[in-house]
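The next block is model-v1.csv, given as CSV, C-alpha atoms.
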```csv
chain,number,residue,atom,x,y,z
F,1,MET,CA,61.0,67.1,56.6
F,2,GLY,CA,63.7,65.9,54.2
F,3,ARG,CA,64.9,62.3,54.0
F,4,THR,CA,68.2,63.4,55.6
F,5,SER,CA,66.5,63.4,59.0
F,6,THR,CA,66.6,60.2,61.0
F,7,ALA,CA,63.9,57.5,60.6
F,8,ARG,CA,62.7,58.3,64.1
F,9,ASP,CA,62.2,62.0,63.4
F,10,ARG,CA,60.5,61.2,60.1
F,11,LEU,CA,58.0,58.9,61.9
F,12,ARG,CA,57.3,61.6,64.4
F,13,ASP,CA,56.9,64.3,61.8
F,14,SER,CA,54.7,62.2,59.5
F,15,ALA,CA,52.5,61.2,62.5
F,16,CYS,CA,52.2,64.8,63.5
F,17,GLU,CA,50.9,65.7,60.1
F,18,LEU,CA,48.5,62.8,59.7
F,19,LEU,CA,47.2,63.1,63.3
F,20,HIS,CA,46.6,66.8,62.8
F,21,THR,CA,44.8,66.3,59.5
F,22,ARG,CA,42.8,63.1,60.0
F,23,GLY,CA,42.9,62.2,63.7
F,24,TYR,CA,44.1,59.2,65.7
F,25,ALA,CA,41.7,56.4,64.9
F,26,ALA,CA,41.7,57.1,61.2
F,27,VAL,CA,45.5,56.8,60.9
F,28,GLY,CA,47.3,53.5,61.2
F,29,VAL,CA,50.9,52.6,61.8
F,30,ALA,CA,51.3,51.3,58.2
F,31,GLU,CA,50.2,54.7,56.8
F,32,ILE,CA,52.6,56.6,59.1
F,33,CYS,CA,55.4,54.3,57.9
F,34,VAL,CA,54.7,54.9,54.2
F,35,ARG,CA,54.6,58.6,54.7
F,36,ALA,CA,57.8,58.5,56.7
F,37,ASP,CA,59.5,56.2,54.2
F,38,VAL,CA,60.3,53.8,57.0
F,39,ARG,CA,59.7,50.0,56.8
F,40,LYS,CA,56.9,48.9,59.1
F,41,GLY,CA,59.2,46.4,60.7
F,42,SER,CA,61.3,49.2,61.9
F,43,PHE,CA,58.5,51.1,63.6
F,44,TYR,CA,58.5,49.1,66.7
F,45,HIS,CA,62.2,49.5,67.1
F,46,PHE,CA,61.5,53.2,67.7
F,47,PHE,CA,58.0,53.3,69.3
F,48,GLU,CA,56.2,50.7,71.4
F,49,SER,CA,52.8,51.6,69.9
F,50,LYS,CA,50.9,54.3,68.0
F,51,GLN,CA,49.9,55.6,71.4
F,52,ALA,CA,53.5,56.0,72.4
F,53,LEU,CA,54.3,57.9,69.1
F,54,THR,CA,51.2,60.1,69.7
F,55,ILE,CA,52.5,61.1,73.1
F,56,GLU,CA,55.9,62.0,71.6
F,57,VAL,CA,54.0,64.0,68.9
F,58,ILE,CA,52.1,65.9,71.6
F,59,ASP,CA,55.2,66.6,73.6
F,60,THR,CA,57.2,67.8,70.6
F,61,HIS,CA,54.4,70.0,69.3
F,62,TRP,CA,53.6,71.6,72.7
F,63,GLN,CA,57.3,72.2,73.4
F,64,ALA,CA,57.6,74.2,70.2
F,65,GLN,CA,54.2,76.0,70.8
F,66,ARG,CA,55.1,76.8,74.4
F,67,THR,CA,58.2,78.7,73.2
F,68,GLY,CA,55.9,80.8,71.1
F,69,TRP,CA,53.4,81.4,73.9
F,70,ARG,CA,56.1,82.4,76.3
F,71,GLU,CA,57.9,84.8,74.0
F,72,LEU,CA,54.7,86.5,72.8
F,73,LEU,CA,53.4,86.9,76.4
F,74,THR,CA,56.7,88.5,77.5
F,75,GLY,CA,57.8,92.1,76.8
F,76,PRO,CA,57.5,95.7,77.7
F,77,GLU,CA,54.0,96.1,76.3
F,78,SER,CA,50.9,96.0,78.5
F,79,ALA,CA,49.7,92.5,79.4
F,80,LEU,CA,46.6,93.1,77.3
F,81,GLU,CA,48.8,94.0,74.2
F,82,ARG,CA,50.8,90.8,74.8
F,83,LEU,CA,47.7,88.7,75.0
F,84,GLN,CA,46.5,90.3,71.8
F,85,ARG,CA,49.8,89.4,70.2
F,86,LEU,CA,49.4,85.7,71.2
F,87,ILE,CA,45.9,85.6,69.8
F,88,GLY,CA,47.1,87.2,66.6
F,89,TRP,CA,49.8,84.5,66.2
F,90,LEU,CA,47.4,81.7,66.9
F,91,VAL,CA,45.0,83.0,64.2
F,92,GLU,CA,47.9,83.6,61.8
F,93,THR,CA,49.0,79.9,62.3
F,94,GLN,CA,45.5,78.7,61.3
F,95,ARG,CA,45.4,81.2,58.4
F,96,GLN,CA,48.8,79.9,57.1
F,97,GLY,CA,47.6,76.3,57.3
F,98,TRP,CA,44.5,77.2,55.4
F,99,GLN,CA,46.4,79.0,52.7
F,100,GLU,CA,48.8,76.1,52.3
F,101,THR,CA,46.3,73.3,52.3
F,102,GLY,CA,42.8,74.8,51.6
F,103,ARG,CA,41.7,73.2,54.9
F,104,VAL,CA,41.5,74.3,58.5
F,105,ASP,CA,42.9,71.4,60.5
F,106,GLY,CA,42.4,73.3,63.7
F,107,CYS,CA,44.4,72.8,66.9
F,108,LEU,CA,46.3,69.5,67.1
F,109,LEU,CA,46.0,69.4,70.9
F,110,GLY,CA,42.3,70.3,70.9
F,111,ASN,CA,41.6,67.7,68.2
F,112,LEU,CA,43.2,65.0,70.2
F,113,ALA,CA,41.6,66.1,73.4
F,114,ILE,CA,38.2,65.8,71.8
F,115,GLU,CA,38.9,62.4,70.2
F,116,LEU,CA,40.9,60.7,73.0
F,117,SER,CA,40.3,62.3,76.4
F,118,ASN,CA,37.7,59.7,77.5
F,119,GLN,CA,39.6,56.8,75.9
F,120,GLU,CA,43.4,57.0,76.2
F,121,ALA,CA,44.5,57.9,79.8
F,122,ALA,CA,48.2,58.4,78.9
F,123,VAL,CA,47.3,60.7,76.1
F,124,GLN,CA,44.8,62.6,78.2
F,125,GLN,CA,47.4,63.1,80.9
F,126,ARG,CA,49.8,64.8,78.4
F,127,LEU,CA,47.1,66.9,76.9
F,128,THR,CA,46.0,67.9,80.4
F,129,ALA,CA,49.5,69.1,81.2
F,130,ALA,CA,49.7,71.1,78.0
F,131,PHE,CA,46.4,72.9,78.5
F,132,ALA,CA,47.2,73.5,82.2
F,133,GLU,CA,50.4,75.2,81.0
F,134,GLN,CA,48.5,77.3,78.5
F,135,THR,CA,46.0,78.3,81.3
F,136,GLU,CA,48.9,79.2,83.6
F,137,LEU,CA,50.6,81.3,81.0
F,138,VAL,CA,47.4,83.3,80.4
F,139,HIS,CA,46.8,83.5,84.1
F,140,ALA,CA,50.2,85.0,84.7
F,141,ALA,CA,49.6,87.6,81.9
F,142,LEU,CA,46.3,88.5,83.4
F,143,ALA,CA,47.9,89.1,86.8
F,144,ASP,CA,50.5,91.3,85.1
F,145,GLY,CA,47.5,93.1,83.5
F,146,VAL,CA,45.9,94.0,86.8
F,147,ARG,CA,49.3,95.5,87.9
F,148,ASP,CA,49.7,97.6,84.7
F,149,GLY,CA,46.0,98.5,84.6
F,150,SER,CA,45.2,96.8,81.3
F,151,VAL,CA,43.1,94.0,82.9
F,152,ALA,CA,40.1,94.6,85.2
F,153,PRO,CA,40.6,93.5,88.8
F,154,GLY,CA,38.4,90.5,89.3
F,155,TYR,CA,39.0,89.4,85.7
F,156,ALA,CA,42.4,87.9,86.3
F,157,ASP,CA,41.5,84.6,88.1
F,158,ARG,CA,42.4,81.2,86.9
F,159,ALA,CA,38.8,80.5,85.7
F,160,THR,CA,39.0,83.5,83.4
F,161,ALA,CA,42.4,82.3,82.0
F,162,ARG,CA,40.7,78.9,81.3
F,163,ALA,CA,37.8,80.8,79.6
F,164,VAL,CA,40.3,82.4,77.3
F,165,VAL,CA,41.7,79.1,76.4
F,166,ALA,CA,38.2,77.7,75.9
F,167,GLN,CA,37.2,80.7,73.6
F,168,ILE,CA,40.3,80.0,71.5
F,169,GLU,CA,39.5,76.3,71.2
F,170,GLY,CA,35.8,76.9,70.5
F,171,ALA,CA,36.6,79.6,67.8
F,172,VAL,CA,39.1,77.3,66.1
F,173,LEU,CA,36.5,74.5,66.2
F,174,LEU,CA,34.0,76.7,64.4
F,175,ALA,CA,36.6,77.8,61.9
F,176,LYS,CA,37.5,74.2,61.2
F,177,LEU,CA,33.8,73.5,60.6
F,178,ALA,CA,33.5,76.5,58.3
F,179,GLY,CA,36.6,75.4,56.4
F,180,GLY,CA,37.8,79.0,56.6
F,181,VAL,CA,39.5,81.4,59.0
F,182,GLY,CA,37.4,84.6,58.4
F,183,SER,CA,35.5,84.2,61.7
F,184,LEU,CA,38.8,84.2,63.6
F,185,ASP,CA,39.2,87.9,63.0
F,186,ASP,CA,36.6,88.3,65.8
F,187,LEU,CA,38.5,86.1,68.3
F,188,TRP,CA,40.5,89.0,69.8
F,189,PRO,CA,37.6,91.3,70.5
F,190,HIS,CA,35.8,88.4,72.2
F,191,VAL,CA,38.8,87.4,74.3
F,192,ARG,CA,39.2,91.0,75.3
F,193,ARG,CA,35.6,91.1,76.6
F,194,LEU,CA,36.4,88.1,78.9
F,195,VAL,CA,39.3,90.0,80.6
F,196,THR,CA,38.5,93.7,80.5
F,197,VAL,CA,35.6,95.9,81.3
F,198,PRO,CA,34.6,98.0,78.3
F,199,PRO,CA,35.4,101.7,78.2
F,200,THR,CA,32.7,103.9,79.6
F,201,ASP,CA,31.5,105.3,76.2
F,202,GLU,CA,30.8,101.7,75.1
F,203,SER,CA,29.1,100.7,78.4
F,204,THR,CA,26.7,103.7,78.1
F,205,GLY,CA,26.1,103.3,74.4
F,206,ASN,CA,22.6,103.3,73.0
Y,1,MET,CA,16.0,51.7,73.5
Y,2,GLY,CA,14.3,48.4,74.0
Y,3,ARG,CA,14.2,45.6,71.5
Y,4,THR,CA,10.6,46.4,70.6
Y,5,SER,CA,11.9,49.4,68.5
Y,6,THR,CA,12.6,48.7,64.9
Y,7,ALA,CA,16.0,47.6,63.7
Y,8,ARG,CA,16.4,50.9,62.0
Y,9,ASP,CA,15.9,52.8,65.2
Y,10,ARG,CA,18.2,50.5,67.1
Y,11,LEU,CA,20.9,51.0,64.5
Y,12,ARG,CA,20.5,54.8,64.8
Y,13,ASP,CA,20.4,54.8,68.6
Y,14,SER,CA,23.4,52.5,68.9
Y,15,ALA,CA,25.4,54.5,66.4
Y,16,CYS,CA,24.5,57.7,68.4
Y,17,GLU,CA,25.9,56.2,71.6
Y,18,LEU,CA,29.0,54.8,70.0
Y,19,LEU,CA,29.8,57.9,67.9
Y,20,HIS,CA,29.3,60.1,71.0
Y,21,THR,CA,31.6,58.0,73.2
Y,22,ARG,CA,34.3,57.0,70.8
Y,23,GLY,CA,34.1,59.0,67.6
Y,24,TYR,CA,33.6,58.1,63.9
Y,25,ALA,CA,36.8,56.4,62.7
Y,26,ALA,CA,37.0,54.3,65.8
Y,27,VAL,CA,33.6,52.7,65.4
Y,28,GLY,CA,32.8,50.3,62.6
Y,29,VAL,CA,29.5,49.1,61.0
Y,30,ALA,CA,30.0,45.6,62.6
Y,31,GLU,CA,30.2,47.0,66.1
Y,32,ILE,CA,27.1,49.2,65.6
Y,33,CYS,CA,25.2,46.1,64.4
Y,34,VAL,CA,26.3,44.0,67.4
Y,35,ARG,CA,25.2,46.8,69.8
Y,36,ALA,CA,21.9,47.2,67.9
Y,37,ASP,CA,21.4,43.4,67.8
Y,38,VAL,CA,20.9,43.6,64.0
Y,39,ARG,CA,22.6,41.3,61.5
Y,40,LYS,CA,25.3,43.0,59.6
Y,41,GLY,CA,23.7,41.9,56.3
Y,42,SER,CA,20.6,43.9,57.2
Y,43,PHE,CA,22.6,47.1,57.8
Y,44,TYR,CA,22.8,48.1,54.2
Y,45,HIS,CA,19.1,47.5,53.8
Y,46,PHE,CA,18.6,50.5,56.0
Y,47,PHE,CA,21.6,52.7,55.4
Y,48,GLU,CA,23.9,53.1,52.4
Y,49,SER,CA,27.0,53.6,54.5
Y,50,LYS,CA,28.3,54.5,58.0
Y,51,GLN,CA,28.4,58.1,56.7
Y,52,ALA,CA,24.7,58.0,55.8
Y,53,LEU,CA,23.9,56.6,59.3
Y,54,THR,CA,26.0,59.3,60.8
Y,55,ILE,CA,24.1,62.0,59.0
Y,56,GLU,CA,20.8,60.6,60.3
Y,57,VAL,CA,22.3,60.5,63.8
Y,58,ILE,CA,23.3,64.2,63.5
Y,59,ASP,CA,19.8,65.2,62.2
Y,60,THR,CA,17.9,63.2,64.9
Y,61,HIS,CA,20.2,64.5,67.7
Y,62,TRP,CA,20.0,68.1,66.6
Y,63,GLN,CA,16.2,68.0,66.1
Y,64,ALA,CA,15.8,66.9,69.7
Y,65,GLN,CA,18.3,69.4,71.0
Y,66,ARG,CA,16.8,72.2,68.9
Y,67,THR,CA,13.5,71.7,70.7
Y,68,GLY,CA,15.3,72.3,74.0
Y,69,TRP,CA,17.2,75.3,72.7
Y,70,ARG,CA,13.9,76.9,71.4
Y,71,GLU,CA,11.9,76.2,74.6
Y,72,LEU,CA,14.6,77.5,76.9
Y,73,LEU,CA,15.2,80.6,74.9
Y,74,THR,CA,11.4,81.5,74.9
Y,75,GLY,CA,9.4,82.9,77.8
Y,76,PRO,CA,8.5,86.0,79.7
Y,77,GLU,CA,11.9,86.3,81.4
Y,78,SER,CA,14.6,88.7,80.2
Y,79,ALA,CA,16.7,87.5,77.3
Y,80,LEU,CA,19.7,87.3,79.6
Y,81,GLU,CA,17.8,85.0,82.0
Y,82,ARG,CA,16.6,82.8,79.1
Y,83,LEU,CA,20.2,82.5,77.9
Y,84,GLN,CA,21.3,81.6,81.4
Y,85,ARG,CA,18.6,78.9,81.4
Y,86,LEU,CA,20.0,77.4,78.2
Y,87,ILE,CA,23.5,77.3,79.5
Y,88,GLY,CA,22.3,75.7,82.7
Y,89,TRP,CA,20.6,73.0,80.8
Y,90,LEU,CA,23.6,72.3,78.6
Y,91,VAL,CA,25.8,72.0,81.7
Y,92,GLU,CA,23.3,69.8,83.4
Y,93,THR,CA,23.2,67.5,80.4
Y,94,GLN,CA,27.0,67.1,80.6
Y,95,ARG,CA,26.7,66.5,84.4
Y,96,GLN,CA,24.1,63.8,84.0
Y,97,GLY,CA,26.2,62.0,81.4
Y,98,TRP,CA,29.2,62.2,83.8
Y,99,GLN,CA,27.1,60.9,86.7
Y,100,GLU,CA,25.8,58.0,84.6
Y,101,THR,CA,29.1,56.9,82.9
Y,102,GLY,CA,31.9,58.5,84.9
Y,103,ARG,CA,33.0,60.0,81.6
Y,104,VAL,CA,32.5,63.4,80.0
Y,105,ASP,CA,31.7,62.5,76.3
Y,106,GLY,CA,31.2,66.2,75.5
Y,107,CYS,CA,29.1,67.6,72.6
Y,108,LEU,CA,28.3,65.0,69.9
Y,109,LEU,CA,28.1,67.8,67.3
Y,110,GLY,CA,31.3,69.4,68.4
Y,111,ASN,CA,33.1,66.0,68.6
Y,112,LEU,CA,32.1,65.2,65.0
Y,113,ALA,CA,32.9,68.7,63.8
Y,114,ILE,CA,36.5,68.4,65.1
Y,115,GLU,CA,36.9,64.9,63.7
Y,116,LEU,CA,35.2,65.1,60.3
Y,117,SER,CA,34.9,68.8,59.1
Y,118,ASN,CA,37.9,68.6,56.9
Y,119,GLN,CA,37.3,65.1,55.7
Y,120,GLU,CA,33.6,64.3,55.1
Y,121,ALA,CA,31.8,67.1,53.2
Y,122,ALA,CA,28.3,65.7,53.6
Y,123,VAL,CA,28.7,65.4,57.4
Y,124,GLN,CA,30.3,68.9,57.5
Y,125,GLN,CA,27.3,70.3,55.7
Y,126,ARG,CA,24.9,69.0,58.3
Y,127,LEU,CA,27.0,70.1,61.2
Y,128,THR,CA,27.4,73.5,59.7
Y,129,ALA,CA,23.6,73.8,59.5
Y,130,ALA,CA,23.1,72.8,63.1
Y,131,PHE,CA,25.7,75.2,64.4
Y,132,ALA,CA,24.3,78.0,62.2
Y,133,GLU,CA,20.9,77.4,63.8
Y,134,GLN,CA,22.4,77.5,67.3
Y,135,THR,CA,24.1,80.8,66.4
Y,136,GLU,CA,20.8,82.2,65.0
Y,137,LEU,CA,18.9,81.2,68.1
Y,138,VAL,CA,21.4,82.9,70.4
Y,139,HIS,CA,21.5,85.9,68.0
Y,140,ALA,CA,17.7,86.3,68.2
Y,141,ALA,CA,17.9,86.1,72.0
Y,142,LEU,CA,20.6,88.8,72.1
Y,143,ALA,CA,18.4,91.0,69.9
Y,144,ASP,CA,15.5,90.5,72.4
Y,145,GLY,CA,18.0,91.4,75.2
Y,146,VAL,CA,18.8,94.7,73.7
Y,147,ARG,CA,15.1,95.5,73.6
Y,148,ASP,CA,14.5,94.5,77.2
Y,149,GLY,CA,17.7,96.1,78.4
Y,150,SER,CA,19.4,92.9,79.6
Y,151,VAL,CA,22.0,92.8,76.8
Y,152,ALA,CA,24.3,95.7,76.0
Y,153,PRO,CA,23.8,97.4,72.7
Y,154,GLY,CA,26.7,96.5,70.4
Y,155,TYR,CA,26.9,93.1,72.1
Y,156,ALA,CA,24.1,91.6,70.2
Y,157,ASP,CA,25.6,91.0,66.8
Y,158,ARG,CA,26.0,87.6,65.0
Y,159,ALA,CA,29.7,87.4,65.8
Y,160,THR,CA,28.9,87.7,69.5
Y,161,ALA,CA,26.3,84.9,69.2
Y,162,ARG,CA,29.0,82.8,67.5
Y,163,ALA,CA,31.4,83.6,70.3
Y,164,VAL,CA,28.8,82.3,72.8
Y,165,VAL,CA,28.6,79.0,70.9
Y,166,ALA,CA,32.4,78.9,70.8
Y,167,GLN,CA,32.6,79.5,74.5
Y,168,ILE,CA,30.2,76.6,75.1
Y,169,GLU,CA,32.1,74.2,72.8
Y,170,GLY,CA,35.5,75.2,74.2
Y,171,ALA,CA,34.4,74.9,77.8
Y,172,VAL,CA,32.9,71.4,77.1
Y,173,LEU,CA,36.2,70.4,75.4
Y,174,LEU,CA,38.1,71.3,78.5
Y,175,ALA,CA,35.6,69.5,80.7
Y,176,LYS,CA,36.0,66.4,78.5
Y,177,LEU,CA,39.7,66.7,78.9
Y,178,ALA,CA,39.4,67.1,82.6
Y,179,GLY,CA,37.1,64.1,82.8
Y,180,GLY,CA,34.8,66.2,85.1
Y,181,VAL,CA,32.2,68.9,84.9
Y,182,GLY,CA,33.3,71.2,87.8
Y,183,SER,CA,34.8,73.8,85.5
Y,184,LEU,CA,31.4,74.2,83.7
Y,185,ASP,CA,30.1,76.0,86.7
Y,186,ASP,CA,32.1,79.0,85.4
Y,187,LEU,CA,30.5,78.8,81.9
Y,188,TRP,CA,27.6,81.1,82.6
Y,189,PRO,CA,29.6,84.0,84.2
Y,190,HIS,CA,31.9,83.9,81.2
Y,191,VAL,CA,29.1,83.8,78.6
Y,192,ARG,CA,27.5,86.7,80.4
Y,193,ARG,CA,30.7,88.8,80.0
Y,194,LEU,CA,30.6,88.2,76.3
Y,195,VAL,CA,27.1,89.7,76.0
Y,196,THR,CA,26.8,92.3,78.8
Y,197,VAL,CA,28.8,95.2,80.2
Y,198,PRO,CA,29.4,94.6,83.9
Y,199,PRO,CA,27.5,96.5,86.6
Y,200,THR,CA,29.2,99.8,87.6
Y,201,ASP,CA,30.4,98.5,91.1
Y,202,GLU,CA,32.3,95.8,89.3
Y,203,SER,CA,33.8,98.0,86.7
Y,204,THR,CA,35.2,100.5,89.3
Y,205,GLY,CA,36.5,97.7,91.6
Y,206,ASN,CA,40.1,97.9,92.6
```

Using the file provided, produce a representation of the structure as structure tokens.
Amino acid sequence: MGRTSTARDRLRDSACELLHTRGYAAVGVAEICVRADVRKGSFYHFFESKQALTIEVIDTHWQAQRTGWRELLTGPESALERLQRLIGWLVETQRQGWQETGRVDGCLLGNLAIELSNQEAAVQQRLTAAFAEQTELVHAALADGVRDGSVAPGYADRATARAVVAQIEGAVLLAKLAGGVGSLDDLWPHVRRLVTVPPTDESTGN
Amino acid sequence: MGRTSTARDRLRDSACELLHTRGYAAVGVAEICVRADVRKGSFYHFFESKQALTIEVIDTHWQAQRTGWRELLTGPESALERLQRLIGWLVETQRQGWQETGRVDGCLLGNLAIELSNQEAAVQQRLTAAFAEQTELVHAALADGVRDGSVAPGYADRATARAVVAQIEGAVLLAKLAGGVGSLDDLWPHVRRLVTVPPTDESTGN
């Protein structure tokens, strides 16, 4: 973000970048202020604490992401095709980050969930809400898929939707560990197995 | 560990507990020494740095875990039953931790992978080796499963084995976020979908 944005926006954007790259405990208020070009004395004029800023980062990030999730899961295509489009976009986001930085920073919400869930109740609450929304959006798509025939009946429950979100998070974790996004090409075929029965020629294959 | 163990063992055990509960950046050498009842001045007699201690924690933890993985994936049962046994054990480990502490601390290796992969090359290297071994152990079981008929041909490749590991990590992440292990009861049915085609009565359901 340019320096024409407000100090508050710069603090939030700088924190988002630093939290995504390095995590919560590793980043202090002083470093966020330097990155944002805001005097440390001004920080507490805008935010009560690093935790309060982190909650705003989570809300802002998920609000933007949610728009993408909703748009990609909406349309005239089959529910399975819409789900594939969502996965493609999530993978592309990781690929772009990797191309820009040479790193895979992974999923900001997943990173913070791993680091803070058992330590910061207010952060955990916000992350829980975001992941619950992700699960509900996938769940609704799966229900559509049963109606349009692209998702197998019995594969459209809430637990399956949560398993899709889990597969995304786990695959992104392994990509982050690998420092590359190649393995994410397999994410869609694996998500598809969680929600559909394979075609007959595959199930009888030998 | 009791105080009869050596200072070096106490440092490693204390670090393991603190890293698992709170993460790497949030825990300092001083706190590890207090927990271990070792004078801070002695720390550097045993370990060059917090990073070096962390690498020893990872190696010790994975060596113990690996024994479990190998034993559970070996036996006269079908490969699918052996895989189910492994998943059951992993879930039980999380459940025991939750019962003892009221928290879900998740997977030590996954937590550190998320926090450090893009920052600490030496740690990333050790974690990469551990996750590669997990993937290979699952891959070998899947290959057995094709031979004994419990795993569908075409579902026994290395990418599928990695998807199983991803499913475990993602599900544990969501359990950690939820602060409870209830959702892990669904882990096995979802892993099974990744490696087998469903029985005919399920695939024709409506």

Shell around Leu109 in chain F at 8 Å using only C-alpha atoms, local window under 3 positions removed, as a PyMOL selection string: chain F and resi 58+112-113+127

Spatial neighbours of Glu31 in chain Y, 12 Å, only C-alpha atoms, chain gap at least 3 places, as an NGL selection string: :Y and (11 or 14-15 or 17-19 or 22 or 24-28 or 34-40 or 43 or 50)

Export of prior selection with C-alpha atoms as an mmCIF file, in the coordinates of the input:
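Result file is result_3.cif:
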```cif
data_model
loop_
_atom_site.group_PDB
_atom_site.id
_atom_site.type_symbol
_atom_site.label_atom_id
_atom_site.label_comp_id
_atom_site.auth_asym_id
_atom_site.auth_seq_id
_atom_site.Cartn_x
_atom_site.Cartn_y
_atom_site.Cartn_z
ATOM 1 C CA LEU Y 11 20.900 51.000 64.500
ATOM 2 C CA SER Y 14 23.400 52.500 68.900
ATOM 3 C CA ALA Y 15 25.400 54.500 66.400
ATOM 4 C CA GLU Y 17 25.900 56.200 71.600
ATOM 5 C CA LEU Y 18 29.000 54.800 70.000
ATOM 6 C CA LEU Y 19 29.800 57.900 67.900
ATOM 7 C CA ARG Y 22 34.300 57.000 70.800
ATOM 8 C CA TYR Y 24 33.600 58.100 63.900
ATOM 9 C CA ALA Y 25 36.800 56.400 62.700
ATOM 10 C CA ALA Y 26 37.000 54.300 65.800
ATOM 11 C CA VAL Y 27 33.600 52.700 65.400
ATOM 12 C CA GLY Y 28 32.800 50.300 62.600
ATOM 13 C CA VAL Y 34 26.300 44.000 67.400
ATOM 14 C CA ARG Y 35 25.200 46.800 69.800
ATOM 15 C CA ALA Y 36 21.900 47.200 67.900
ATOM 16 C CA ASP Y 37 21.400 43.400 67.800
ATOM 17 C CA VAL Y 38 20.900 43.600 64.000
ATOM 18 C CA ARG Y 39 22.600 41.300 61.500
ATOM 19 C CA LYS Y 40 25.300 43.000 59.600
ATOM 20 C CA PHE Y 43 22.600 47.100 57.800
ATOM 21 C CA LYS Y 50 28.300 54.500 58.000
#
```

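Compared by their closest atoms to Gln167 in chain F, and using all atoms listed in the file, the residues F:Ile87, F:Val151, F:Leu142, F:Val181 rank with F:Ile87 nearest.
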
Fewer than 6 positions away in the same chain doesn't count, so skip those; otherwise give me all residues within 10 Å of Trp89 in chain Y, counting only C-alpha atoms, as an mmCIF file with C-alpha atoms, in the frame of the given file.
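Ended up saving to selection09.cif:
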```cif
data_model
loop_
_atom_site.group_PDB
_atom_site.id
_atom_site.type_symbol
_atom_site.label_atom_id
_atom_site.label_comp_id
_atom_site.auth_asym_id
_atom_site.auth_seq_id
_atom_site.Cartn_x
_atom_site.Cartn_y
_atom_site.Cartn_z
ATOM 1 C CA GLY Y 68 15.300 72.300 74.000
ATOM 2 C CA TRP Y 69 17.200 75.300 72.700
ATOM 3 C CA LEU Y 72 14.600 77.500 76.900
ATOM 4 C CA LEU Y 83 20.200 82.500 77.900
ATOM 5 C CA ARG Y 95 26.700 66.500 84.400
#
```

Write out as JSON, numbers by chain every residue belonging to chain Y that has an atom at most 8 Å from any atom of chain F, counting only C-alpha atoms. {"Y": [21, 22, 23, 25, 26, 103, 104, 105, 106, 110, 111, 113, 114, 115, 116, 117, 118, 119, 124, 127, 128, 152, 153, 154, 159, 160, 163, 165, 166, 167, 168, 169, 170, 171, 173, 174, 176, 177, 178, 179, 183, 186, 187, 190, 193, 194, 197, 198, 203, 205, 206]}
